[in-house]
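Enquirer: Mind looking over this structure? Questions follow.
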Amino acid sequence: MKIAVACDHGGLELKKSLLKYLAENGYEVTDFGTNSAESCDYPDYVLPAAEAVAGGACDRGILICSTGIGVSIAANKVRGIRCAHCHDTYSAKYTRLHNDANMLAFGQKIIGEGLMLEIVETFLNTGFEGGRHQRRVDKIGAIEEKYCK
């Protein structure tokens, strides 16, 4: 599985831990930055990561900022992205099972490394349930078609 990863300066330290975990567990990673602690604008890094997931170059994506809010909002502007802002494993599990989320966002100031890695593991190892949930995901796609011109 190929994973797109991006962060701003507020998520850099967790991103370093995430990249190590992904490499140790055999995931192929495309790192869209940032790689600096200098203040930067998260949309500059989130957009190429979200485009890689939406376009199929990457299977899933993981985004980090201070809270996870900004990166999730930015990613969800890209057609085909369903980015879930999760800070617990239950939400990570059910956003995959029921929403077929393809990107995950979280905040470095909200969670620590151990919890982050549990959330990532849950997100990457949970499949989409389909069935009645596919109908709902299709309705989300219809909203995108109507409003994302």
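Naming works like this for the structure tokens: A, B, ... for the chains as they're shown, residue 1 at the start of each chain, ligands 1 onward in shown order.
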Give me the residues near A:Cys86 as a count of residues only, where near means some atom within 10 Å (using only C-alpha atoms) and where sequence neighbours in that chain fewer than 3 positions away do not count.

Expert: 19

Enquirer: Apply DSSP to the structure's backbone, then extract all residues of stretch 57-100 of chain A labelled alpha helix (DSSP H) and return them as a PyMOL selection string.

Expert: chain A and resi 69-75+89-99

Enquirer: Mind writing the picked residues with C-alpha atoms as an mmCIF file, in the first residue's frame?

Expert:
```
data_model
loop_
_atom_site.group_PDB
_atom_site.id
_atom_site.type_symbol
_atom_site.label_atom_id
_atom_site.label_comp_id
_atom_site.auth_asym_id
_atom_site.auth_seq_id
_atom_site.Cartn_x
_atom_site.Cartn_y
_atom_site.Cartn_z
ATOM 1 C CA ILE A 69 -8.534 20.590 11.624
ATOM 2 C CA GLY A 70 -6.899 22.758 8.979
ATOM 3 C CA VAL A 71 -5.346 19.885 7.049
ATOM 4 C CA SER A 72 -8.625 17.959 7.002
ATOM 5 C CA ILE A 73 -10.576 20.976 5.744
ATOM 6 C CA ALA A 74 -8.037 21.592 2.976
ATOM 7 C CA ALA A 75 -7.910 17.936 1.888
ATOM 8 C CA THR A 89 -9.048 4.281 17.197
ATOM 9 C CA TYR A 90 -12.829 3.872 17.258
ATOM 10 C CA SER A 91 -13.302 6.821 14.887
ATOM 11 C CA ALA A 92 -10.463 5.590 12.665
ATOM 12 C CA LYS A 93 -12.049 2.142 12.435
ATOM 13 C CA TYR A 94 -15.531 3.357 11.629
ATOM 14 C CA THR A 95 -14.493 6.032 9.182
ATOM 15 C CA ARG A 96 -12.967 3.227 7.120
ATOM 16 C CA LEU A 97 -15.819 0.746 7.645
ATOM 17 C CA HIS A 98 -18.660 3.183 6.997
ATOM 18 C CA ASN A 99 -17.225 6.161 5.088
#
```

Enquirer: One decimal, in Å: what's the spacing between atom CA of A:Tyr147 and atom CA of A:Ile3?

Expert: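 Here the two named atoms are 27.6 Å from each other.
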
Enquirer: How many Å lie between atom CA of A:Leu115 and atom CA of A:Arg60, rounded to one decimal?

Expert: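 Those two atoms sit 19.1 Å apart.
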
Enquirer: Hey, what's within 12 Å of A:Ser39 if we count only C-alpha atoms and toss same-chain stuff fewer than 6 positions away? As an NGL selection string, please?

Expert: :A and (7-12 or 65-66)

Enquirer: A:Val53: which residues within 12 Å, counting only C-alpha atoms, same-chain residues fewer than 4 positions away excluded, as number ranges by chain?

Expert: A: 1-6, 29-30, 32, 46-49, 57-63, 75-76, 78-83, 101-104

Enquirer: As a list in words, please: all residues of chain A that backbone DSSP puts in strand (DSSP E or B).

Expert: Lys2, Ile3, Ala4, Val5, Ala6, Cys7, Glu28, Val29, Thr30, Asp31, Arg60, Gly61, Ile62, Leu63, Ile64, Cys65, Cys83, Ala84, His85, Met103, Leu104, Ala105, Phe106 and Gly107 of chain A
